[in-house]
2 protein chains.
Amino acid sequence: MANLDLSRDVVSLTADLVDIASESLNEKEICDAVESSLAALPHLDVVRDGHTLVARTSLGRAERVVVAGHLDTVPANANFPSRLEGDVLWGLGSCDMKGGVAVALRLAAHVREPNRDLTLVFYEGEEIEHEFNGLGRVAREHPELLTCDFAILMEPSDAVVEAGCQGTLRVDVITRGERSHSARSWLGSNAIHAAAEVLNRLTEYTPREVEIDGLLYREGMNAVGISGGVAGNVVPDEARVSVNFRFAPDLDEKQALSHVRELFDGFEIVLTDTAPSALPGLSRPAAAAFVDAVGVPVRPKYGWTDVAQFTQLGIPAVNFGPGNPMYAHKADEHVPVDQLIRVEEALTTWLT
Amino acid sequence: MANLDLSRDVVSLTADLVDIASESLNEKEICDAVESSLAALPHLDVVRDGHTLVARTSLGRAERVVVAGHLDTVPANANFPSRLEGDVLWGLGSCDMKGGVAVALRLAAHVREPNRDLTLVFYEGEEIEHEFNGLGRVAREHPELLTCDFAILMEPSDAVVEAGCQGTLRVDVITRGERSHSARSWLGSNAIHAAAEVLNRLTEYTPREVEIDGLLYREGMNAVGISGGVAGNVVPDEARVSVNFRFAPDLDEKQALSHVRELFDGFEIVLTDTAPSALPGLSRPAAAAFVDAVGVPVRPKYGWTDVAQFTQLGIPAVNFGPGNPMYAHKADEHVPVDQLIRVEEALTTWLT
């Protein structure tokens, strides 16, 4: 089993986490390692649910804060394991979001008497369909474990505060045809050819830019998968385009789905995944107080993050983590060493 | 193990063959059954190679004829097992081409002293990539087993003679992009969106119609497969469209590939499968003599058949089998009872 030594500096600890492969649905090893490292900390009460961990102090403080990070990554893209070069740590998950997880583990080990009670959440299944999201499962099944006054998601935010988040939904756009032998294709109807129109609507689509609370949100409408085909000599009778819509916080899930249905009017649509957007919520006192305390700029969050889950629970939440989110899910994913250190320092200071 | 009783009439025998599932690459059971039924016939010398059988008489006749049929089918399409309704036998492979195989097995069992030496070939892997074709393998590795003066492929031809055949080739047309998180899609480049242009060229394509020896050949250019996608939240960096070109006998494989490259100019192309066309060859004496003897009309063959393999070996060959080829590979595949009987009678008469 992989071991984690929480006495190592935040950069080494991030590298150690990157070097434990943890593609979504394969989080057992990394969760075991994190659980084992937390077991040595008597000030924390640890609960495991699947491959998701909740570790809490119980100091009777006036406020409680949740600090959360997911353990899974997207598939490797020639960027595993980690590689430290000068002031940059490269590798799958270094940015999204094992750097944030390393900071949270450092807080667990080294801030033993925080000025606010601390709930640390390390969870599985964030990078895939929402149904696998460990934080979502805990929110549904054990919401008492997430009770708090304010939540910080340690998603990469370039070491500034990112507020709100875009919603995301996925649909399959399905085309139908009629099978025939490809040598007599005029007897059939080619469902893959029919998908040309689906792709044309995508290439011609202009995503919105929406300003909310002074923050600009950019939407996106993308095919993230396509499939079709029966055999090499058969005109296919079905094709599917999986489309991911990232929508600004002024739309709820229902409105977003309506927009997608309108865009693909005339085609069969099946909703396969959806997660709500979150308004920036900067007017909420707990959020405003945190922003003031850490003294860093505030930007809009483009990616979907579990901030939205806290918003749905009525808890103010922001993203604040090391790493430029533009490099998440890319072959050249990396995190700057100084951001790891700065984020750890900002949170340590705020908590002590 | 499935058993075949060659004393049953040709319709029952076709149904028995249909009821042995034999999708390409899964021909062991049907080949075992055919081999076992032939083993009871002392006038035939049987050789097995993989799941391909060659059964020969050695009567010292002046002429030798090959009668050949493939044992595999495309995947089931809610049309398994067989169902006899009045004068029609329905089911996967009834038309393409277990009806023809049944006729050949009836000839094996009941024409024990043919006026021409008889070589029966039952082979695997015809419905998929050419490399798996059992007849092709025997032609390459044991060409002496196919020595003959004339060959009849029992591919469905509506009980008339179909001459020549279209060639077929498959290419993957590949589009490239750059991965990014789908929440920040403007940082990547979507390879599936780039495939829109590939599908547009296909939908706008007008296939040729070519007349040769008085027979009209219709070409076809079809996407038979499409794939792409990394994960549900990643802008994909690659998509592949598998395109099948069915070309008239006036083109050889090289010319056909050039045409495809021209159509998809600007895209990366990988040739995945190719099989030559065959000119009708009706001027060849053996072919003309057969057409005269059975006294049925002659039409062009649209599908690719192994006629082309015999053409490449310099052996005149035609398609002559029960079933309308328009129903091959379709959910409503079927063969008319009267065609099974007529084709069996025509060949029995010609061979005795």
# chains A, B, ... in the order shown; residues from 1 in each chain; ligands from 1
>>> interface_residues(of="chain B", to="chain A", cutoff="7 Å", atoms="only C-alpha atoms", output="ChimeraX atom specification")
/B:128,179-185,192-193,196,199-200,202-203,220,222-229,231-236,246,302-303,326,328-330
>>> residues_around(residues="Thr57 in chain B", least_positions_apart="5", cutoff="6 Å", atoms="only C-alpha atoms", output="compact mmCIF listing (two decimals) with N, CA and C atoms, in the first residue's frame")
# COMPACT_ATOMS: atom_id res chain seq x y z
N LEU B 44 -16.21 -37.93 -50.48
CA LEU B 44 -15.58 -36.62 -50.35
C LEU B 44 -14.31 -36.70 -49.51
N ASP B 117 -15.92 -32.92 -61.60
CA ASP B 117 -15.43 -33.05 -60.24
C ASP B 117 -15.84 -31.80 -59.47
N LEU B 118 -16.15 -32.02 -58.19
CA LEU B 118 -16.76 -30.98 -57.37
C LEU B 118 -15.85 -30.66 -56.19
>>> select_by_dssp(residues="range 31-111 of chain B", states="strand (DSSP E)", output="NGL selection string")
:B and (45-49 or 52-56 or 64-70 or 83-85 or 88-90)
>>> select_by_dssp(residues="range 100-160 of chain A", states="alpha helix (DSSP H)", output="list in words")
Gly100, Val101, Ala102, Val103, Ala104, Leu105, Arg106, Leu107, Ala108, Ala109, His110, Gly134, Leu135, Gly136, Arg137, Val138, Ala139, Arg140 and Glu141 of chain A
>>> write_last_selection(atoms="N, CA, C and O atoms", output="PDB file, in the first residue's frame")
ATOM      1  N   GLY A 100      -4.219  20.878  -3.951  1.00  0.00           N
ATOM      2  CA  GLY A 100      -5.189  21.291  -2.941  1.00  0.00           C
ATOM      3  C   GLY A 100      -5.347  20.233  -1.859  1.00  0.00           C
ATOM      4  O   GLY A 100      -5.443  20.549  -0.664  1.00  0.00           O
ATOM      5  N   VAL A 101      -5.352  18.971  -2.267  1.00  0.00           N
ATOM      6  CA  VAL A 101      -5.469  17.878  -1.294  1.00  0.00           C
ATOM      7  C   VAL A 101      -4.255  17.881  -0.366  1.00  0.00           C
ATOM      8  O   VAL A 101      -4.384  17.678   0.850  1.00  0.00           O
ATOM      9  N   ALA A 102      -3.077  18.135  -0.935  1.00  0.00           N
ATOM     10  CA  ALA A 102      -1.856  18.181  -0.116  1.00  0.00           C
ATOM     11  C   ALA A 102      -1.948  19.303   0.922  1.00  0.00           C
ATOM     12  O   ALA A 102      -1.581  19.121   2.092  1.00  0.00           O
ATOM     13  N   VAL A 103      -2.432  20.460   0.503  1.00  0.00           N
ATOM     14  CA  VAL A 103      -2.602  21.564   1.453  1.00  0.00           C
ATOM     15  C   VAL A 103      -3.553  21.146   2.579  1.00  0.00           C
ATOM     16  O   VAL A 103      -3.269  21.347   3.768  1.00  0.00           O
ATOM     17  N   ALA A 104      -4.672  20.540   2.202  1.00  0.00           N
ATOM     18  CA  ALA A 104      -5.655  20.126   3.212  1.00  0.00           C
ATOM     19  C   ALA A 104      -5.042  19.110   4.174  1.00  0.00           C
ATOM     20  O   ALA A 104      -5.279  19.156   5.389  1.00  0.00           O
ATOM     21  N   LEU A 105      -4.224  18.170   3.652  1.00  0.00           N
ATOM     22  CA  LEU A 105      -3.575  17.175   4.522  1.00  0.00           C
ATOM     23  C   LEU A 105      -2.556  17.844   5.443  1.00  0.00           C
ATOM     24  O   LEU A 105      -2.397  17.442   6.604  1.00  0.00           O
ATOM     25  N   ARG A 106      -1.879  18.875   4.924  1.00  0.00           N
ATOM     26  CA  ARG A 106      -0.934  19.622   5.778  1.00  0.00           C
ATOM     27  C   ARG A 106      -1.693  20.339   6.907  1.00  0.00           C
ATOM     28  O   ARG A 106      -1.252  20.338   8.059  1.00  0.00           O
ATOM     29  N   LEU A 107      -2.859  20.915   6.574  1.00  0.00           N
ATOM     30  CA  LEU A 107      -3.675  21.555   7.621  1.00  0.00           C
ATOM     31  C   LEU A 107      -4.084  20.520   8.670  1.00  0.00           C
ATOM     32  O   LEU A 107      -4.045  20.774   9.879  1.00  0.00           O
ATOM     33  N   ALA A 108      -4.461  19.332   8.192  1.00  0.00           N
ATOM     34  CA  ALA A 108      -4.887  18.268   9.110  1.00  0.00           C
ATOM     35  C   ALA A 108      -3.777  17.947  10.104  1.00  0.00           C
ATOM     36  O   ALA A 108      -4.025  17.783  11.309  1.00  0.00           O
ATOM     37  N   ALA A 109      -2.544  17.867   9.597  1.00  0.00           N
ATOM     38  CA  ALA A 109      -1.431  17.425  10.438  1.00  0.00           C
ATOM     39  C   ALA A 109      -0.866  18.549  11.302  1.00  0.00           C
ATOM     40  O   ALA A 109      -0.379  18.298  12.409  1.00  0.00           O
ATOM     41  N   HIS A 110      -0.924  19.770  10.808  1.00  0.00           N
ATOM     42  CA  HIS A 110      -0.150  20.827  11.462  1.00  0.00           C
ATOM     43  C   HIS A 110      -0.979  21.931  12.117  1.00  0.00           C
ATOM     44  O   HIS A 110      -0.432  22.756  12.837  1.00  0.00           O
ATOM     45  N   GLY A 134     -18.555  11.494  -4.600  1.00  0.00           N
ATOM     46  CA  GLY A 134     -18.580  11.113  -3.186  1.00  0.00           C
ATOM     47  C   GLY A 134     -19.117  12.214  -2.286  1.00  0.00           C
ATOM     48  O   GLY A 134     -19.825  11.936  -1.303  1.00  0.00           O
ATOM     49  N   LEU A 135     -18.814  13.465  -2.599  1.00  0.00           N
ATOM     50  CA  LEU A 135     -19.330  14.576  -1.790  1.00  0.00           C
ATOM     51  C   LEU A 135     -20.852  14.651  -1.930  1.00  0.00           C
ATOM     52  O   LEU A 135     -21.573  14.872  -0.946  1.00  0.00           O
ATOM     53  N   GLY A 136     -21.329  14.426  -3.150  1.00  0.00           N
ATOM     54  CA  GLY A 136     -22.771  14.430  -3.393  1.00  0.00           C
ATOM     55  C   GLY A 136     -23.458  13.324  -2.597  1.00  0.00           C
ATOM     56  O   GLY A 136     -24.530  13.528  -2.012  1.00  0.00           O
ATOM     57  N   ARG A 137     -22.818  12.153  -2.561  1.00  0.00           N
ATOM     58  CA  ARG A 137     -23.408  11.034  -1.822  1.00  0.00           C
ATOM     59  C   ARG A 137     -23.481  11.354  -0.331  1.00  0.00           C
ATOM     60  O   ARG A 137     -24.502  11.126   0.318  1.00  0.00           O
ATOM     61  N   VAL A 138     -22.399  11.909   0.224  1.00  0.00           N
ATOM     62  CA  VAL A 138     -22.402  12.272   1.642  1.00  0.00           C
ATOM     63  C   VAL A 138     -23.463  13.351   1.904  1.00  0.00           C
ATOM     64  O   VAL A 138     -24.188  13.290   2.909  1.00  0.00           O
ATOM     65  N   ALA A 139     -23.584  14.318   0.990  1.00  0.00           N
ATOM     66  CA  ALA A 139     -24.577  15.383   1.164  1.00  0.00           C
ATOM     67  C   ALA A 139     -25.995  14.808   1.209  1.00  0.00           C
ATOM     68  O   ALA A 139     -26.846  15.281   1.959  1.00  0.00           O
ATOM     69  N   ARG A 140     -26.248  13.764   0.400  1.00  0.00           N
ATOM     70  CA  ARG A 140     -27.569  13.136   0.376  1.00  0.00           C
ATOM     71  C   ARG A 140     -27.800  12.242   1.588  1.00  0.00           C
ATOM     72  O   ARG A 140     -28.847  12.268   2.213  1.00  0.00           O
ATOM     73  N   GLU A 141     -26.773  11.430   1.915  1.00  0.00           N
ATOM     74  CA  GLU A 141     -26.991  10.345   2.883  1.00  0.00           C
ATOM     75  C   GLU A 141     -26.557  10.694   4.302  1.00  0.00           C
ATOM     76  O   GLU A 141     -27.080  10.119   5.252  1.00  0.00           O
TER      77      GLU A 141
END
>>> atom_distance(atom1="CA of Glu113 in chain A", atom2="CA of Asp149 in chain A")
17.9 Å
>>> closest_residue(among="B:Pro322, B:Gly69, B:Gly177, B:Gly214", to="Leu153 in chain B", atoms="only C-alpha atoms")
B:Gly69
>>> residues_around(residues="Cys95 in chain A", least_positions_apart="4", cutoff="10 Å", atoms="only C-alpha atoms", output="VMD selection string")
chain A and resid 14 18 73 89 to 91 99 to 100 155 to 158 321 to 330 333 to 336 340
>>> write_last_selection(atoms="C-alpha atoms", output="short mmCIF file (atom, residue, chain, number, x, y, z; two decimals), in the first residue's frame")
data_model
loop_
_atom_site.label_atom_id
_atom_site.label_comp_id
_atom_site.auth_asym_id
_atom_site.auth_seq_id
_atom_site.Cartn_x
_atom_site.Cartn_y
_atom_site.Cartn_z
CA THR A 14 1.68 16.84 -3.73
CA VAL A 18 0.27 12.53 -7.93
CA THR A 73 -8.23 12.46 -11.77
CA LEU A 89 5.59 20.41 -10.32
CA TRP A 90 4.30 18.63 -13.44
CA GLY A 91 1.97 15.66 -13.67
CA GLY A 99 -2.03 20.22 -4.79
CA GLY A 100 -5.19 21.29 -2.94
CA GLU A 155 -10.15 23.27 -6.68
CA PRO A 156 -7.35 24.95 -8.64
CA SER A 157 -8.08 28.68 -8.75
CA ASP A 158 -4.61 30.08 -9.42
CA GLY A 321 -6.66 26.31 -4.42
CA PRO A 322 -3.23 26.14 -6.02
CA GLY A 323 -2.81 25.65 -9.77
CA ASN A 324 -4.04 27.43 -12.87
CA PRO A 325 -7.33 25.72 -13.83
CA MET A 326 -6.52 26.28 -17.51
CA TYR A 327 -4.07 23.37 -17.27
CA ALA A 328 -6.50 20.96 -15.65
CA HIS A 329 -7.15 17.89 -17.84
CA LYS A 330 -4.33 18.82 -20.20
CA GLU A 333 -0.89 19.88 -16.31
CA HIS A 334 1.28 21.43 -13.59
CA VAL A 335 1.22 23.48 -10.41
CA PRO A 336 3.63 26.28 -9.41
CA LEU A 340 1.23 25.53 -3.11
#
>>> residues_around(residues="Pro316 in chain B", least_positions_apart="4", cutoff="9 Å", atoms="only C-alpha atoms", output="PyMOL selection string")
chain B and resi 149-152+281-282+284-287+307+310-311
>>> write_last_selection(atoms="N, CA, C and O atoms", output="short mmCIF file (atom, residue, chain, number, x, y, z; two decimals), in the first residue's frame")
data_model
loop_
_atom_site.label_atom_id
_atom_site.label_comp_id
_atom_site.auth_asym_id
_atom_site.auth_seq_id
_atom_site.Cartn_x
_atom_site.Cartn_y
_atom_site.Cartn_z
N ASP B 149 -11.87 -25.24 -63.04
CA ASP B 149 -12.11 -24.59 -64.33
C ASP B 149 -13.12 -23.46 -64.22
O ASP B 149 -13.18 -22.58 -65.08
N PHE B 150 -13.90 -23.49 -63.14
CA PHE B 150 -14.99 -22.53 -63.01
C PHE B 150 -15.45 -22.54 -61.56
O PHE B 150 -15.39 -23.58 -60.90
N ALA B 151 -15.86 -21.39 -61.06
CA ALA B 151 -16.30 -21.33 -59.67
C ALA B 151 -17.67 -20.66 -59.55
O ALA B 151 -17.98 -19.72 -60.28
N ILE B 152 -18.47 -21.21 -58.66
CA ILE B 152 -19.78 -20.63 -58.36
C ILE B 152 -19.79 -20.23 -56.89
O ILE B 152 -19.61 -21.08 -56.01
N GLY B 281 -16.71 -10.59 -66.68
CA GLY B 281 -16.05 -11.78 -67.25
C GLY B 281 -16.99 -12.71 -67.99
O GLY B 281 -16.75 -13.92 -68.10
N LEU B 282 -18.09 -12.16 -68.52
CA LEU B 282 -19.07 -13.02 -69.16
C LEU B 282 -18.57 -13.56 -70.49
O LEU B 282 -19.17 -14.47 -71.08
N ARG B 284 -15.79 -15.10 -70.81
CA ARG B 284 -14.99 -16.31 -70.56
C ARG B 284 -15.85 -17.54 -70.84
O ARG B 284 -16.99 -17.64 -70.37
N PRO B 285 -15.34 -18.53 -71.63
CA PRO B 285 -16.17 -19.67 -72.08
C PRO B 285 -16.86 -20.42 -70.94
O PRO B 285 -18.05 -20.72 -71.04
N ALA B 286 -16.14 -20.70 -69.86
CA ALA B 286 -16.76 -21.49 -68.79
C ALA B 286 -17.94 -20.76 -68.17
O ALA B 286 -18.97 -21.36 -67.86
N ALA B 287 -17.80 -19.42 -68.02
CA ALA B 287 -18.89 -18.63 -67.45
C ALA B 287 -20.08 -18.60 -68.40
O ALA B 287 -21.23 -18.81 -68.00
N VAL B 307 -16.04 -13.84 -55.58
CA VAL B 307 -15.83 -13.92 -57.02
C VAL B 307 -14.51 -13.21 -57.37
O VAL B 307 -13.73 -13.70 -58.19
N PHE B 310 -11.44 -15.38 -57.05
CA PHE B 310 -11.22 -16.31 -58.16
C PHE B 310 -10.72 -15.55 -59.38
O PHE B 310 -9.84 -16.03 -60.10
N THR B 311 -11.29 -14.37 -59.63
CA THR B 311 -10.82 -13.55 -60.75
C THR B 311 -9.33 -13.31 -60.63
O THR B 311 -8.59 -13.41 -61.61
#
>>> atom_distance(atom1="CA of Tyr217 in chain A", atom2="CA of Asp292 in chain A")
22.5 Å
>>> residues_around(residues="Ala278 in chain A", least_positions_apart="3", cutoff="6 Å", atoms="only C-alpha atoms", output="ChimeraX atom specification")
/A:164-165,249,308
>>> residues_around(residues="Val161 in chain A", least_positions_apart="2", cutoff="7 Å", atoms="only C-alpha atoms", output="count of residues only")
10
